[in-house]
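See below for target00.cif, which holds mmCIF, C-alpha atoms.
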data_work
loop_
_atom_site.label_atom_id
_atom_site.label_comp_id
_atom_site.auth_asym_id
_atom_site.auth_seq_id
_atom_site.Cartn_x
_atom_site.Cartn_y
_atom_site.Cartn_z
CA MET P 1 -34.72 24.39 -6.14
CA ASN P 2 -35.35 22.31 -9.23
CA ARG P 3 -32.23 23.69 -10.86
CA ILE P 4 -30.12 22.68 -7.85
CA LEU P 5 -31.56 19.16 -7.97
CA PHE P 6 -30.64 18.97 -11.63
CA ILE P 7 -27.11 20.36 -11.29
CA ALA P 8 -26.05 18.62 -8.04
CA PRO P 9 -25.63 15.12 -9.52
CA ILE P 10 -23.62 16.54 -12.41
CA ILE P 11 -21.30 18.36 -10.02
CA ALA P 12 -21.01 15.23 -7.87
CA PHE P 13 -20.16 13.19 -10.96
CA MET P 14 -17.50 15.68 -12.06
CA ALA P 15 -15.99 15.62 -8.56
CA LEU P 16 -15.77 11.80 -8.73
CA VAL P 17 -14.17 11.96 -12.17
CA ALA P 18 -11.60 14.43 -10.80
CA ILE P 19 -10.84 12.23 -7.77
CA PHE P 20 -10.44 9.09 -9.87
CA GLY P 21 -8.43 11.02 -12.45
CA ILE P 22 -5.94 12.06 -9.78
CA GLY P 23 -5.95 8.53 -8.39
CA LEU P 24 -4.99 7.10 -11.78
CA THR P 25 -1.85 9.22 -11.94
CA LYS P 26 -0.53 7.59 -8.77
CA ASP P 27 1.59 4.47 -9.05
CA PRO P 28 0.13 1.82 -6.72
CA LYS P 29 3.53 0.12 -6.63
CA GLU P 30 4.90 3.05 -4.64
CA LEU P 31 3.99 2.13 -1.10
CA PRO P 32 4.69 4.91 1.37
CA SER P 33 7.59 3.86 3.55
CA GLN P 34 6.83 3.12 7.19
CA LEU P 35 10.37 4.17 8.07
CA ILE P 36 10.17 7.88 7.25
CA ASP P 37 11.55 9.84 10.24
CA ARG P 38 12.32 6.59 12.02
CA PRO P 39 15.74 5.01 12.54
CA LEU P 40 16.85 2.19 10.27
CA PRO P 41 15.91 -1.20 11.71
CA ALA P 42 18.73 -3.08 13.40
CA PHE P 43 20.71 -5.27 11.01
CA ALA P 44 24.23 -6.58 10.63
CA LEU P 45 24.99 -8.07 7.23
CA PRO P 46 28.10 -9.78 5.88
CA ALA P 47 29.98 -8.33 2.93
CA ILE P 48 29.69 -9.82 -0.55
CA GLU P 49 33.37 -10.57 -0.20
CA ALA P 50 35.65 -11.32 2.75
CA GLY P 51 35.87 -8.49 5.28
CA GLY P 52 33.62 -5.46 5.34
CA GLY P 53 29.85 -5.77 5.51
CA PHE P 54 28.03 -3.26 7.64
CA ALA P 55 25.35 -2.75 10.25
CA ASN P 56 22.66 -0.13 10.73
CA THR P 57 25.02 1.59 13.16
CA ALA P 58 27.20 2.67 10.19
CA PHE P 59 24.56 5.28 9.29
CA THR P 60 25.49 8.01 11.72
CA GLY P 61 27.61 11.12 11.42
CA GLU P 62 26.82 12.03 7.83
CA PRO P 63 23.79 11.66 5.54
CA ALA P 64 24.01 8.54 3.41
CA LEU P 65 22.23 6.74 0.61
CA LEU P 66 21.42 3.08 1.16
CA ASN P 67 20.77 1.38 -2.16
CA ILE P 68 19.09 -2.02 -2.50
CA PHE P 69 20.18 -3.76 -5.70
CA ALA P 70 20.68 -7.20 -7.21
CA SER P 71 22.61 -8.69 -10.10
CA TRP P 72 19.32 -10.08 -11.47
CA CYS P 73 17.61 -6.68 -11.35
CA ALA P 74 16.67 -5.30 -14.76
CA ALA P 75 16.52 -1.62 -13.85
CA CYS P 76 19.75 -1.55 -11.81
CA PRO P 77 22.17 -1.07 -14.76
CA GLN P 78 20.10 1.96 -15.72
CA GLU P 79 20.52 3.43 -12.23
CA HIS P 80 24.17 2.52 -11.89
CA PRO P 81 25.73 5.58 -13.62
CA VAL P 82 23.70 7.85 -11.32
CA LEU P 83 25.05 6.05 -8.25
CA THR P 84 28.56 6.41 -9.63
CA ARG P 85 27.93 10.12 -10.02
CA ILE P 86 26.46 10.46 -6.49
CA SER P 87 29.54 8.76 -5.09
CA ALA P 88 31.85 10.97 -7.18
CA GLU P 89 30.05 14.05 -5.84
CA GLY P 90 31.21 13.06 -2.38
CA PHE P 91 28.14 11.37 -0.84
CA ALA P 92 28.28 8.08 1.06
CA VAL P 93 26.56 5.31 -0.90
CA TYR P 94 26.02 1.94 0.73
CA GLY P 95 24.74 -1.11 -1.13
CA ILE P 96 22.73 -4.12 -0.04
CA ALA P 97 22.57 -6.96 -2.55
CA TRP P 98 19.07 -8.41 -2.11
CA LYS P 99 18.41 -12.13 -2.57
CA ASP P 100 21.55 -12.42 -4.63
CA LYS P 101 24.40 -14.92 -4.50
CA PRO P 102 27.56 -13.06 -3.36
CA GLN P 103 29.43 -14.41 -6.39
CA ASP P 104 26.77 -12.96 -8.73
CA SER P 105 26.94 -9.61 -6.91
CA ARG P 106 30.72 -9.59 -7.22
CA ASP P 107 30.53 -10.37 -10.96
CA TRP P 108 27.96 -7.59 -11.41
CA ILE P 109 30.19 -5.06 -9.62
CA ALA P 110 33.20 -6.21 -11.64
CA ARG P 111 31.24 -5.59 -14.82
CA PHE P 112 29.63 -2.22 -14.01
CA GLY P 113 32.09 -0.72 -11.50
CA ASN P 114 31.72 -0.06 -7.79
CA PRO P 115 30.04 3.14 -6.64
CA TYR P 116 29.58 1.80 -3.10
CA LYS P 117 31.50 2.57 0.04
CA LEU P 118 30.53 -0.86 1.37
CA ILE P 119 28.41 -3.67 -0.03
CA ALA P 120 26.55 -6.14 2.17
CA ALA P 121 24.66 -9.28 1.18
CA ASP P 122 21.08 -9.94 2.28
CA GLU P 123 20.72 -13.41 0.80
CA SER P 124 17.74 -14.44 2.92
CA GLY P 125 15.94 -11.13 2.29
CA ARG P 126 15.10 -10.72 5.97
CA THR P 127 16.71 -7.30 6.35
CA ALA P 128 14.88 -6.16 3.23
CA ILE P 129 11.57 -7.17 4.86
CA ASP P 130 12.49 -5.12 7.96
CA LEU P 131 13.18 -2.22 5.59
CA GLY P 132 9.82 -2.73 3.83
CA VAL P 133 11.51 -3.37 0.49
CA THR P 134 9.14 -4.51 -2.27
CA GLY P 135 11.59 -4.71 -5.17
CA VAL P 136 14.87 -3.51 -6.59
CA PRO P 137 16.21 -0.95 -6.93
CA GLU P 138 15.08 1.01 -3.89
CA SER P 139 17.06 3.61 -1.98
CA PHE P 140 16.84 5.12 1.48
CA ILE P 141 18.29 8.49 2.42
CA THR P 142 19.36 8.67 6.05
CA ASP P 143 20.26 11.74 8.10
CA LYS P 144 23.19 12.21 10.51
CA HIS P 145 21.36 10.25 13.20
CA GLY P 146 20.65 7.25 11.00
CA ARG P 147 16.98 8.15 10.59
CA VAL P 148 15.34 7.48 7.25
CA ARG P 149 14.22 10.74 5.66
CA PHE P 150 13.30 9.68 2.13
CA LYS P 151 12.68 6.52 0.16
CA GLN P 152 13.06 6.19 -3.59
CA ILE P 153 11.21 3.29 -5.20
CA GLY P 154 12.67 2.31 -8.55
CA PRO P 155 15.83 3.64 -10.16
CA ILE P 156 17.15 7.09 -9.27
CA SER P 157 17.07 9.07 -12.50
CA PRO P 158 19.46 12.00 -13.02
CA GLU P 159 16.39 14.27 -12.66
CA VAL P 160 15.38 12.74 -9.30
CA TRP P 161 18.97 13.06 -8.09
CA GLU P 162 19.32 16.68 -9.16
CA GLY P 163 15.82 17.80 -8.26
CA THR P 164 15.00 15.87 -5.09
CA ILE P 165 17.67 13.73 -3.50
CA LYS P 166 20.74 15.95 -3.83
CA PRO P 167 19.01 19.04 -2.38
CA LEU P 168 17.73 16.85 0.47
CA MET P 169 21.16 15.40 1.22
CA LEU P 170 22.73 18.88 1.18
CA LYS P 171 20.03 20.03 3.60
CA LEU P 172 20.64 17.01 5.85
CA ARG P 173 24.36 17.79 5.78
CA ALA P 174 23.63 21.27 7.10
CA GLU P 175 21.33 19.95 9.83
CA ALA P 176 22.60 19.68 13.38
CA MET F 1 -43.17 3.81 -2.07
CA LYS F 2 -42.70 0.89 -4.44
CA LEU F 3 -40.08 2.94 -6.25
CA LEU F 4 -38.10 3.49 -3.05
CA TRP F 5 -38.05 -0.22 -2.28
CA LEU F 6 -36.91 -0.99 -5.81
CA ALA F 7 -34.04 1.49 -5.40
CA LEU F 8 -32.99 -0.07 -2.09
CA LEU F 9 -33.12 -3.54 -3.62
CA LEU F 10 -30.92 -2.50 -6.52
CA ILE F 11 -28.36 -1.03 -4.13
CA ALA F 12 -28.33 -4.09 -1.89
CA ALA F 13 -28.22 -6.69 -4.68
CA PRO F 14 -24.46 -6.66 -5.47
CA ALA F 15 -23.66 -7.32 -1.81
CA SER F 16 -25.55 -10.60 -1.95
CA PHE F 17 -23.27 -12.07 -4.61
CA VAL F 18 -20.52 -13.84 -2.75
CA LEU F 19 -17.30 -14.49 -4.61
CA PRO F 20 -16.37 -18.15 -5.00
CA ALA F 21 -13.75 -19.43 -2.57
CA ALA F 22 -10.13 -18.73 -3.53
CA PRO F 23 -8.17 -21.59 -5.09
CA ALA F 24 -5.64 -23.50 -3.03
CA GLY F 25 -2.75 -21.32 -1.91
CA ALA F 26 0.84 -21.15 -3.08
CA VAL F 27 2.20 -22.55 0.19
CA GLN F 28 4.97 -25.06 -0.43
CA PRO F 29 5.29 -28.18 1.73
CA ASP F 30 8.67 -27.06 3.10
CA GLU F 31 7.10 -23.85 4.46
CA MET F 32 4.36 -25.59 6.42
CA LEU F 33 4.45 -25.81 10.17
CA LYS F 34 4.26 -29.20 11.87
CA ASP F 35 1.52 -28.05 14.22
CA PRO F 36 -1.70 -28.14 12.14
CA ALA F 37 -3.46 -25.60 14.38
CA LEU F 38 -0.59 -23.12 13.99
CA GLU F 39 -0.43 -23.79 10.24
CA ALA F 40 -4.17 -23.11 9.96
CA ARG F 41 -3.71 -19.79 11.75
CA ALA F 42 -0.80 -18.96 9.43
CA ARG F 43 -2.98 -19.71 6.38
CA ASN F 44 -5.74 -17.50 7.74
CA ILE F 45 -3.40 -14.58 8.38
CA SER F 46 -1.72 -15.01 4.97
CA LYS F 47 -5.10 -14.78 3.23
CA ASP F 48 -5.56 -11.26 4.59
CA LEU F 49 -2.08 -10.01 3.70
CA ARG F 50 -1.45 -8.46 0.31
CA CYS F 51 1.49 -9.60 -1.77
CA VAL F 52 3.27 -6.25 -2.16
CA VAL F 53 4.81 -7.26 -5.49
CA CYS F 54 1.68 -8.52 -7.20
CA GLN F 55 -0.72 -6.27 -5.25
CA ASN F 56 -4.04 -7.96 -5.91
CA GLN F 57 -3.17 -11.40 -4.62
CA SER F 58 -2.78 -12.44 -1.02
CA ILE F 59 0.59 -13.81 0.04
CA ASP F 60 -1.23 -17.11 0.51
CA ASP F 61 -2.02 -17.19 -3.23
CA SER F 62 1.12 -15.69 -4.67
CA ASP F 63 4.14 -17.52 -6.02
CA ALA F 64 6.32 -14.39 -5.82
CA PRO F 65 9.55 -14.93 -3.84
CA LEU F 66 8.73 -12.00 -1.55
CA ALA F 67 5.31 -13.53 -0.80
CA ARG F 68 7.07 -16.73 0.18
CA ASP F 69 9.44 -14.79 2.46
CA LEU F 70 6.48 -13.10 4.12
CA ARG F 71 4.67 -16.42 4.60
CA ILE F 72 7.77 -17.70 6.36
CA VAL F 73 7.92 -14.56 8.53
CA VAL F 74 4.25 -15.05 9.50
CA ARG F 75 5.00 -18.65 10.52
CA GLU F 76 8.09 -17.60 12.46
CA GLN F 77 6.12 -15.04 14.43
CA LEU F 78 3.41 -17.59 15.25
CA THR F 79 6.02 -20.13 16.30
CA LEU F 80 7.45 -17.51 18.65
CA GLY F 81 4.05 -17.55 20.37
CA LYS F 82 2.77 -14.24 18.96
CA SER F 83 -0.98 -13.75 18.62
CA ASP F 84 -2.64 -13.39 15.20
CA ALA F 85 -3.04 -9.65 15.76
CA ALA F 86 0.59 -9.21 16.83
CA THR F 87 1.74 -11.12 13.74
CA MET F 88 -0.35 -8.88 11.50
CA ASP F 89 1.07 -5.83 13.27
CA TYR F 90 4.60 -7.11 12.65
CA ILE F 91 3.99 -7.05 8.88
CA VAL F 92 2.01 -3.79 8.97
CA ALA F 93 4.88 -2.11 10.87
CA ARG F 94 7.11 -2.87 7.88
CA TYR F 95 4.81 -2.42 4.90
CA GLY F 96 2.01 -0.21 6.18
CA HIS F 97 -1.76 -0.64 6.13
CA PHE F 98 -1.66 -1.24 2.39
CA VAL F 99 -0.66 -4.89 3.04
CA LEU F 100 -4.02 -5.51 4.68
CA LEU F 101 -6.47 -6.72 2.05
CA LYS F 102 -9.27 -5.56 4.36
CA PRO F 103 -8.57 -1.93 5.17
CA PRO F 104 -9.06 -1.22 8.89
CA LEU F 105 -11.56 1.37 10.12
CA GLU F 106 -9.38 4.38 10.97
CA PRO F 107 -9.62 8.13 10.32
CA ALA F 108 -7.99 7.76 6.87
CA THR F 109 -10.56 5.15 5.79
CA TRP F 110 -13.72 6.66 7.32
CA VAL F 111 -14.83 7.91 3.91
CA LEU F 112 -14.23 4.46 2.44
CA TRP F 113 -16.22 2.60 5.08
CA LEU F 114 -18.93 5.13 5.89
CA GLY F 115 -19.18 6.91 2.52
CA PRO F 116 -21.61 4.42 0.94
CA PHE F 117 -23.99 4.72 3.90
CA ALA F 118 -23.79 8.51 3.74
CA VAL F 119 -24.59 8.40 0.01
CA LEU F 120 -27.46 5.99 0.65
CA GLY F 121 -28.82 8.27 3.39
CA LEU F 122 -28.53 11.40 1.24
CA GLY F 123 -30.10 9.67 -1.76
CA GLY F 124 -32.93 8.28 0.37
CA ALA F 125 -33.60 11.68 1.90
CA GLY F 126 -33.57 13.26 -1.55
CA LEU F 127 -35.98 10.66 -2.86
CA LEU F 128 -38.36 11.15 0.07
CA ALA F 129 -38.26 14.93 -0.36
CA TRP F 130 -38.94 14.55 -4.06
CA ARG F 131 -41.89 12.22 -3.51
CA ARG F 132 -43.33 14.54 -0.90
CA ARG F 133 -43.29 17.37 -3.41
CA GLN F 134 -45.00 15.21 -6.02
CA ARG F 135 -48.08 14.83 -3.79
CA PRO F 136 -50.94 16.99 -5.17
CA ALA F 137 -51.73 20.16 -3.26
CA ASP F 138 -54.41 19.87 -0.58
CA VAL F 139 -57.87 20.13 -2.14
CA ALA F 140 -60.57 22.19 -0.49
CA PRO F 141 -63.30 20.01 1.04
CA LEU F 142 -66.52 19.63 -0.91
CA THR F 143 -69.09 22.31 -0.46
CA ALA F 144 -72.58 21.34 0.70
CA ALA F 145 -73.91 21.87 -2.84
CA GLU F 146 -71.26 19.55 -4.37
CA ALA F 147 -71.94 16.87 -1.77
CA ALA F 148 -75.63 17.06 -2.53
CA GLU F 149 -74.91 16.72 -6.25
CA ILE F 150 -72.88 13.56 -5.65
CA GLU F 151 -75.77 12.21 -3.59
CA THR F 152 -78.09 12.64 -6.55
CA LEU F 153 -75.63 10.73 -8.80
CA GLY F 154 -75.78 7.75 -6.47
#
Go ahead and express the file in the form of structure tokens.
Amino acid sequence: MNRILFIAPIIAFMALVAIFGIGLTKDPKELPSQLIDRPLPAFALPAIEAGGGFANTAFTGEPALLNIFASWCAACPQEHPVLTRISAEGFAVYGIAWKDKPQDSRDWIARFGNPYKLIAADESGRTAIDLGVTGVPESFITDKHGRVRFKQIGPISPEVWEGTIKPLMLKLRAEA
Amino acid sequence: MKLLWLALLLIAAPASFVLPAAPAGAVQPDEMLKDPALEARARNISKDLRCVVCQNQSIDDSDAPLARDLRIVVREQLTLGKSDAATMDYIVARYGHFVLLKPPLEPATWVLWLGPFAVLGLGGAGLLAWRRRQRPADVAPLTAAEAAEIETLG
């Protein structure tokens, strides 16, 4: 009995250390998306240049990647080559320029190249709030029915594309 | 018993320190609503909503652009005639329970809310059990001879 009384607090302490240790490895900036398995919220945004733009209804028929970016975003140039590659591999990539002047978005695209099928401008940031966006870049993967199936917070690295997102998009392609 | 009370006091003490009131918020004059009652409700709601960019500030305190956007959304919802709870729900539907600076009591937070009481209960029970065991074993009553001896001492 005495031995149990002596050991129990030590075990409890070790359990706490383990729980906090695991907690520290999690990034508190990565909020779980409220949209997983739910359809994209309704939006209709103008293009960054005349013509084009798109609405949430564009996300049906094939899985797609919706990327939130901005010309003022520091991590976006780092992600850009991966988006170019995703597009070259035959996946639909849509872009929303968040809280960005259309002219700045256009200049940014002119400088880095355009991996997007369509680019819309969310100057007021209201659509981004409906999407639960907390920063740029963020990306949503939608299935054939326009439901969000995955959210990437921060830039998509080649590893995340190869290891997580590409297999998911291939699986979504095969889904009914 | 004195020990037990001391332990309880030590546990309760931190709760009695109340943090000083937060400094004036980051609300800009152009965001404010004309109706002071509605604006007061908006301020109250904003104080309980986390700025998702800065995390440990409320949107009422934060100068982040996204915090400003959310303050405006809160005011829009109130202007539309939504209740305080419905306005909160509007933000929670988009950003999840994490935006609430006070986590609600729900299955996922039962441990958080009830855990301290469970620990207090377990600790108290342990302490009582320990003290009970410290009590000396029952002593046999005095024999007649011993009682008589004590009498003679008197």
**Item:** Ala42 (chain F) environment, 8 Å, only C-alpha atoms, sequence neighbours closer than 6 positions dropped, as an MDAnalysis selection string
**Value:** chainID F and resid 71 74:75 78
**Request:** Name the residues captured by the PyMOL selection byres ((chain P) within 8 of (chain F)) when it is applied to the shown file; answer as number ranges by chain.
**Result:** P: 29, 31-35, 125-126, 129-132, 134-135
**Item:** Reference answer for the PyMOL selection byres ((chain P and resi 68-76) around 7), as a ChimeraX atom specification
**Value:** /P:66-67,77-80,95-98,100,104-105,108,136-139,155
**Neighbour list for Phe140 (chain P) as a count of residues only, cut-off 8 Å, all atoms listed in the file, skip fewer than 2 positions in-chain** = 10
**Asked** Within 8 Å of (29.9, -8.0, 1.6), in the coordinates the file gives, what residues turn up when you count all atoms listed in the file, written out as a VMD selection string?
**Response** chain P and resid 45 to 54 102 118 to 121
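One finds CA of Lys99 (chain P) at 10.3 Å from CA of Thr127 (chain P).
Across the chains present, the PyMOL selection byres ((chain F and resi 49) around 7) applied to this file returns Ile45, Ser46, Lys47, Asp48, Arg50, Cys51, Ser58, Ile59, Val99, Leu100 and Leu101 of chain F.
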**Request:** Between CA of Lys144 (chain P) and CA of Glu62 (chain P), measure the distance and give it in Å to one decimal.
**Result:**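 Distance between the two atoms: 4.5 Å.
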**Request:** Figure out the distance between CA of Ile141 (chain P) and CA of Leu170 (chain P), please, to one decimal in Å.
**Result:**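 Rounded to one decimal, the two atoms are 11.4 Å apart.
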**Prompt:** Using only C-alpha atoms, can you list as a list in words the residues within 7 Å of (23.0, -4.1, 10.9)?
**Reply:** Ala42, Phe43, Ala44, Leu45, Phe54, Ala55, Asn56 and Thr57 of chain P
